[in-house]
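Working notes for the structure below.
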Amino acid sequence: MGHAKLDLLQGTLDLMVLQTLASMGPLHGYGIARRIEQASGDEVLLNQGTIYAALVRLQQRGWISAEWGTSDNNRKAKFYSITKRGRKQLAEDAAYWQRLSSVMDRVLALPEVEEKP
Amino acid sequence: MIDRLRQSILRFFSLFRRTRLDRDLDAELASHLQMQIEDHLSVGMTPAEARRVAFIKLGGLEQTKESHRYSRGIPLLEGLLQDLRFALRSLARNRGLAFVSIFALALGMGATTVMFSVVYNVFFDPLPYKNFNRYVVFGIQNLASVGGWKGRNFFSPEEVRAFREQNHVFEEVIVHNGYRLLYDDGKFVRHWPRGEEVTTNTFEFLGVPPLLGRTFSEEDGRPAAPPVFIMNYRLWQDKFAADPKILNTVFILDGKPRILIGIMPRRFNFFGASFWLPMNLSQAGGSLLGRLKPGVSVQTAGADLDAIAHALQKTYRSEMLPLPDKFAIVPQTLLDSFIGGFRKTLYALFAAVLLLLLIACSNVANLLLLRATVRDREIAMRAALGASRARLVRQLLSESFVLAAFASAAGCVLAYFALKVVVALIPAGALPEEVVIRMNTPILFAVVGLAVLTAVLCGLAPVLHVMSADLQSRLAGSGKNVEGHFRHGRMRAALVVGEVALSIVLLIGAGLLMRSFFILTHADLGFDPQNVLYFRLNLPSAYHTDVDVTRQKKNALTRQLLDRLRALPGVTSVSESMLEPPIQYDWSDTIIPGKPHSERWETHFEVCSEGYFQILGLPLLHGRLLSEDDMNAQRHVMVVNETFSRQYFPGEDPIGHQVKLQVLDRPFLDAPHDTYFEIVGITGDYKTRDDQSRSWRAFPQVYIPYSVQGFSWRTYMARTVANPKILLKNIEQEVRANDSSAEIESSGTLAGSLQEFYQRPQFELFTLGAFAVVGLLLVVIGIFSVVAYTVSRQTHELGIRIALGAERTDILGMVFTNSLRIIASGVVIGLLASYGFSRFLTSEISGISVSDPWTYGLVTVVVVVVGLLACYFPARRATRVDPMIALRYE
């Protein structure tokens, strides 16, 4: 279903969304997008629209739930919050990412050998 | 894992909640954009700028929606549903085309489904018995070129024991024997329809449980066991009104009590028996049926049994069932022994129906291709707007899938009714009674497969069209320029050529069958079969005691009965014989002193009364006929026919010569053994059935007095002035009055038995004929639609021609020449193909050559005429083109 190529990217965005919701509590889509942009120091060029694809995916898997509510400035918005299963998944994924990144660090630290002419 | 499953389910259901989900998303995105814009305004952007940046940050509203849909649903399926919806809509816009296509395909698929149902039920699921495809029957074939008998499949107990104990190929063997018995219901004593004596392991072997009661156990075969029997479903229905209370009651059979222990279900008809009696396996003689061990071939089994029989030959001596000097064991699967030649017929018809389906497919392909050409610009436009080729192909294929789906549904309905007709037409006896022909799940699966195949076949032409063409130039052109689809015109023409060719093959097949059938049914048999009644008697056991008594009693009965019959009003002549002509006959190898021969001289012989010649109207050519005196004196005299005289006595006068019929030497027959008959006369020929070629032929034939023997069946014939069936009641009375214990076993008319004989060729003719007619109809549709389309495309050109002074005849000529070229190519190809294919019909056809020029000629004329008629109407429209309108027509 077209997953294969996008797996890494999807996984990354999904993880970011879960972490944001875990630390910030219920948020609407715009809020999540803003938080991720801020947290990444605007280093991630985020197409905000892709958030919504990630949100529907996470929701279908039962890791987040959604509810219509009212925002700070009295605007109707859909608020997402992380579920119990979502937290479990977050813990697993975060541990995986940390292991992966530490392995990547070590591998990339290997010295390069000069090519012989 | 569960999360994934949950996701898949939700994705699937999202397909049905599109509107709600989309509305939800719209609201959510609107609020997102609004918040973003507000944030932007708060940092001092102009309203326009704030809006623009918000959209850019989101990455486009439609793209976001699309990626959202993509994640939440199943994109492939959604695309497919969209295609199907679109296909339905576009077909609904072209109802005429859709209707014609579905009709054509439904005819093809319906016919295929019917034939497939027959073939499937006959070859894959014919018998309800456990592992029936491993059942083998076998017989002994006498390899000597002369001798009394050709073969037998009845074995003595000694032979059975040898086969049973020494074979290495069978898991198990059963023995069975035909059996006739008298049932005494307290008032009347009557014969039941033929039953079987079977070894006690038979029912377990066949693996079918009884409907009521139990089947035989080994105990039932013991000599001292209480006598029991099992009844078949039909006898139970017909004679006992399906009364379950008769189970475990006592019946008086052949004068002795027997207990009914079981009743078999409807679809159990082992060897056509109406009842079964138990037989001890260790002493049984009769016909053998073995179940092969898995993986053993019929040939291997034959070799094994052959070796056993040849080893046995050294010690085996039997008066009744001798083993000939040179013989072979000939094995056959049970199914082959049942179905035999009908297999070939069914395969031929199945091949024919596939041709029909091909015609239907190319017809629909053509129509779809027409549409694809008309839609050139639409398709080019889609391509220009970014539809990939794959997407366009999918779109076109989904249209043909929709057509095929409708057609297969319609085809199934059609097949359901057609199957009833076909089943009713299948000649009696061509299939074993256990065969139930009906539509079932595997057949419906096959229809679905067929629909897919058909869809691909039909969709192929338009798809090739899309794949091949340069879309750009089509978009640029008007979509109507003539040379633009010259190439596709050729493809369409090729499809019509193919249709015509295929239908020629079908028509010639049907034509040959029809001619052959006509010849068969209108042959001069040498006698008039109308108004001749025949019947056979069932003689009570009192007749079958001592050999001499039997013969005397039978002869007396014959004489008395013939006198009584002759005295009946409306009867012009009567006779007694062994069998009734022309389907039934017996034959014997023939020995004539001074005329040695190495091949078999197969002479048909009839043991008859003096009235036989009169009833058939056989002319006396020389000498004298058999007389009443010959009968009374039991003289060893013989009348021969013209063919006999010509074949065995070329250029000689056979009268006075001695002839021996070797078949009469069989020790168990009450017949004059080693006796020579003196030829006293020559009659004209009549024709009998030729087994080899399904036709009538005059064989060497001889007639001897019935009174010299006591073995033959007594068949009586009476020629009447009016419908002979009316007399049957009177005749029955006469038979009873003559001997109250005798009863008529079977009766009919000669014309009726001929009708029965014609059933098989009639079935083939009807089925193939129906296919051929449907094929021709499809060709008419094909030619009509192509010509009509071409004419409508050429309106512009025709208008110019007419404006420039072309005559109506010129225009007609132009259209006809084009069509004629297509039809002629199809005809030529079809004739050549028929010449190749007709070989397969050789065994079904007689009286004419399979390349009969009359049939070929007539079919050609029919196809050309029908083809030209099909293009006459569109052509006539071409001549009515108003040049003013045509020139503006763009």
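Identifiers in the structure tokens: chain A, B, ... in order shown; residue index from 1 per chain; ligand index from 1 in order shown.
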Discussion item. Quick check: residues of chain B within 8 Å of chain A, only C-alpha atoms, returned as a ChimeraX atom specification.
Written reply: /B:3-4,6-7,10-11,28,31-32,35-36,57-61,63-64,67-72,74
Worksheet item: as a VMD selection string, which residues of segment 171-211 of chain B does DSSP assign to strand (DSSP E)?
Response: chain B and resid 171 to 179 182 to 184 189 to 191 195 to 199
Worksheet item: Can you tell me how far atom CA of Pro581 of chain B sits from atom CA of Gln755 of chain B, in Å to one decimal?
Response: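 Taking atom CA of Pro581 of chain B as the start and atom CA of Gln755 of chain B as the end point, the length is 13.1 Å.
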Worksheet entry | Contacts of Ile744 of chain B within 6 Å, only C-alpha atoms, excl. fewer than 2 positions in-chain, as a list in words |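 So, after excluding close chain neighbours, the residues are Arg536, Leu537, Asn538 and Ser746 of chain B.
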Selection export as a PDB file, in the first residue's frame, atoms kept: N, CA, C and O atoms:
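out-v4.pdb was written with the following content:
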ATOM      1  N   ARG B 536     -41.639 -58.539 -26.827  1.00  0.00           N
ATOM      2  CA  ARG B 536     -40.901 -59.711 -26.372  1.00  0.00           C
ATOM      3  C   ARG B 536     -41.607 -60.274 -25.156  1.00  0.00           C
ATOM      4  O   ARG B 536     -42.189 -59.526 -24.388  1.00  0.00           O
ATOM      5  N   LEU B 537     -41.509 -61.583 -24.994  1.00  0.00           N
ATOM      6  CA  LEU B 537     -42.200 -62.219 -23.884  1.00  0.00           C
ATOM      7  C   LEU B 537     -41.260 -62.561 -22.753  1.00  0.00           C
ATOM      8  O   LEU B 537     -40.078 -62.819 -22.952  1.00  0.00           O
ATOM      9  N   ASN B 538     -41.825 -62.524 -21.595  1.00  0.00           N
ATOM     10  CA  ASN B 538     -41.148 -62.953 -20.410  1.00  0.00           C
ATOM     11  C   ASN B 538     -41.769 -64.287 -20.046  1.00  0.00           C
ATOM     12  O   ASN B 538     -42.948 -64.347 -19.720  1.00  0.00           O
ATOM     13  N   SER B 746     -41.263 -56.308 -23.053  1.00  0.00           N
ATOM     14  CA  SER B 746     -41.026 -54.995 -23.651  1.00  0.00           C
ATOM     15  C   SER B 746     -41.739 -54.961 -24.988  1.00  0.00           C
ATOM     16  O   SER B 746     -41.953 -55.995 -25.610  1.00  0.00           O
TER      17      SER B 746
END
Worksheet entry | DSSP helix (DSSP H, G or I) residues within chain A, as number ranges by chain | A: 3-24, 29-39, 48-61, 84-108
Worksheet item: Please, what distance in Å, to one decimal, runs between atom CA of Leu392 of chain B and atom CA of Phe12 of chain B?
Response: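 Interatomic distance, atom CA of Leu392 of chain B to atom CA of Phe12 of chain B: 24.9 Å.
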Worksheet item: With only C-alpha atoms as the atoms that count, which of B:Leu450, B:Ala111, B:Leu323, B:Leu661 lies nearest to Phe417 of chain B?
Response: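 Closest residue, counting only C-alpha atoms: B:Ala111.
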Item to complete: Using atom CA of Ala446 of chain B and atom CA of Ala407 of chain B as the two end points, give the distance in Å to one decimal.
Response: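 Interatomic distance, atom CA of Ala446 of chain B to atom CA of Ala407 of chain B: 14.2 Å.
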Discussion item. Just want the 12 Å neighbourhood of Met24 of chain A, counted on only C-alpha atoms, with same-chain residues fewer than 3 positions away dropped. Output as a PyMOL selection string.
Written reply: chain A and resi 16-21+27-28+31-32+34-36+39+79-82
Would you put the residues from that selection into a file with N, CA and C atoms, as a tab-separated table (two decimals), in the first residue's frame?
chain	number	residue	atom	x	y	z
A	16	MET	N	7.16	12.20	16.42
A	16	MET	CA	7.15	13.59	16.84
A	16	MET	C	5.77	13.99	17.35
A	17	VAL	N	4.74	13.57	16.62
A	17	VAL	CA	3.38	13.91	17.02
A	17	VAL	C	3.05	13.31	18.38
A	18	LEU	N	3.38	12.04	18.53
A	18	LEU	CA	3.08	11.36	19.80
A	18	LEU	C	3.78	12.06	20.96
A	19	GLN	N	5.07	12.38	20.78
A	19	GLN	CA	5.85	13.01	21.84
A	19	GLN	C	5.26	14.38	22.20
A	20	THR	N	4.87	15.12	21.16
A	20	THR	CA	4.30	16.44	21.40
A	20	THR	C	3.04	16.33	22.24
A	21	LEU	N	2.17	15.40	21.85
A	21	LEU	CA	0.92	15.24	22.59
A	21	LEU	C	1.18	14.75	24.01
A	27	LEU	N	-4.05	18.86	21.97
A	27	LEU	CA	-3.71	19.97	21.07
A	27	LEU	C	-4.47	19.81	19.76
A	28	HIS	N	-4.72	20.90	19.06
A	28	HIS	CA	-5.28	20.78	17.71
A	28	HIS	C	-4.16	20.67	16.69
A	31	GLY	N	-1.79	23.51	16.40
A	31	GLY	CA	-0.94	23.59	17.58
A	31	GLY	C	0.21	22.59	17.51
A	32	ILE	N	-0.12	21.36	17.08
A	32	ILE	CA	0.92	20.32	16.99
A	32	ILE	C	1.99	20.76	15.99
A	34	ARG	N	2.81	23.76	15.03
A	34	ARG	CA	3.60	24.86	15.58
A	34	ARG	C	4.62	24.34	16.58
A	35	ARG	N	4.16	23.47	17.49
A	35	ARG	CA	5.05	22.95	18.53
A	35	ARG	C	6.25	22.23	17.91
A	36	ILE	N	5.97	21.43	16.87
A	36	ILE	CA	7.07	20.67	16.26
A	36	ILE	C	8.05	21.64	15.60
A	39	ALA	N	9.99	23.27	18.47
A	39	ALA	CA	10.90	22.33	19.14
A	39	ALA	C	12.11	22.02	18.27
A	79	PHE	N	-9.39	18.59	18.76
A	79	PHE	CA	-8.28	18.40	19.70
A	79	PHE	C	-7.89	16.93	19.76
A	80	TYR	N	-6.58	16.70	19.69
A	80	TYR	CA	-6.07	15.32	19.74
A	80	TYR	C	-5.40	15.11	21.08
A	81	SER	N	-5.57	13.90	21.66
A	81	SER	CA	-4.82	13.58	22.87
A	81	SER	C	-4.30	12.16	22.76
A	82	ILE	N	-3.20	11.90	23.43
A	82	ILE	CA	-2.56	10.58	23.34
A	82	ILE	C	-3.33	9.59	24.21
Worksheet entry | Non-local contacts of Met115 of chain B (10 Å; only C-alpha atoms; under 6 positions in same chain excluded) as number ranges by chain | B: 109, 121, 346-347, 349-354, 415, 418-419, 422, 767
Item to complete: Compile the contact shell of Gly611 of chain B as a list in words: residues with an atom at most 10 Å away, counting only C-alpha atoms, same-chain residues fewer than 2 positions apart removed.
Response: Leu562, Ser573, Val574, Ser575, Glu576, Ser577, Cys608, Ser609, Phe613, Gln614, Ile615, Leu616, Gly617, Leu625, Leu626, Ser627, Glu628, Met717 and Ala718 of chain B
Who sits within 12 Å of Leu568 of chain B, only C-alpha atoms, same chain under 5 positions skipped, as a tab-separated table (two decimals) with N, CA and C atoms, in the first residue's frame:
chain	number	residue	atom	x	y	z
B	561	LEU	N	-49.46	-68.59	-30.63
B	561	LEU	CA	-49.55	-67.13	-30.52
B	561	LEU	C	-49.62	-66.49	-31.91
B	562	LEU	N	-48.82	-67.04	-32.85
B	562	LEU	CA	-48.84	-66.48	-34.20
B	562	LEU	C	-50.24	-66.61	-34.80
B	563	ASP	N	-50.89	-67.76	-34.56
B	563	ASP	CA	-52.25	-67.95	-35.08
B	563	ASP	C	-53.21	-66.93	-34.48
B	573	SER	N	-49.89	-59.08	-41.23
B	573	SER	CA	-48.96	-60.21	-41.19
B	573	SER	C	-48.26	-60.26	-39.83
B	574	VAL	N	-47.79	-61.44	-39.46
B	574	VAL	CA	-47.13	-61.62	-38.17
B	574	VAL	C	-45.90	-62.48	-38.34
B	718	ALA	N	-45.90	-57.66	-35.61
B	718	ALA	CA	-47.19	-57.67	-36.31
B	718	ALA	C	-47.28	-56.41	-37.15
B	719	ARG	N	-47.55	-56.58	-38.45
B	719	ARG	CA	-47.77	-55.41	-39.29
B	719	ARG	C	-49.25	-55.10	-39.28
B	720	THR	N	-49.59	-53.85	-39.09
B	720	THR	CA	-50.99	-53.48	-38.95
B	720	THR	C	-51.37	-52.46	-40.01
B	721	VAL	N	-52.67	-52.28	-40.19
B	721	VAL	CA	-53.11	-51.31	-41.19
B	721	VAL	C	-53.11	-49.90	-40.61
B	724	PRO	N	-50.13	-49.04	-34.87
B	724	PRO	CA	-50.01	-50.36	-34.26
B	724	PRO	C	-50.15	-50.33	-32.74
B	726	ILE	N	-52.38	-49.09	-30.94
B	726	ILE	CA	-53.75	-49.32	-30.50
B	726	ILE	C	-53.98	-50.79	-30.22
B	727	LEU	N	-53.27	-51.63	-30.98
B	727	LEU	CA	-53.48	-53.07	-30.88
B	727	LEU	C	-52.86	-53.71	-29.64
B	728	LEU	N	-51.99	-52.92	-28.98
B	728	LEU	CA	-51.20	-53.52	-27.90
B	728	LEU	C	-52.09	-54.17	-26.84
B	729	LYS	N	-53.21	-53.50	-26.49
B	729	LYS	CA	-54.11	-54.04	-25.47
B	729	LYS	C	-54.65	-55.42	-25.89
B	730	ASN	N	-55.12	-55.46	-27.14
B	730	ASN	CA	-55.65	-56.73	-27.65
B	730	ASN	C	-54.59	-57.82	-27.62
B	731	ILE	N	-53.41	-57.43	-28.03
B	731	ILE	CA	-52.32	-58.41	-28.09
B	731	ILE	C	-52.03	-58.94	-26.69
B	732	GLU	N	-52.02	-58.03	-25.72
B	732	GLU	CA	-51.77	-58.44	-24.35
B	732	GLU	C	-52.81	-59.48	-23.89
B	733	GLN	N	-54.06	-59.21	-24.25
B	733	GLN	CA	-55.13	-60.16	-23.90
B	733	GLN	C	-54.88	-61.52	-24.53
B	734	GLU	N	-54.47	-61.48	-25.81
B	734	GLU	CA	-54.23	-62.74	-26.51
B	734	GLU	C	-53.10	-63.52	-25.84
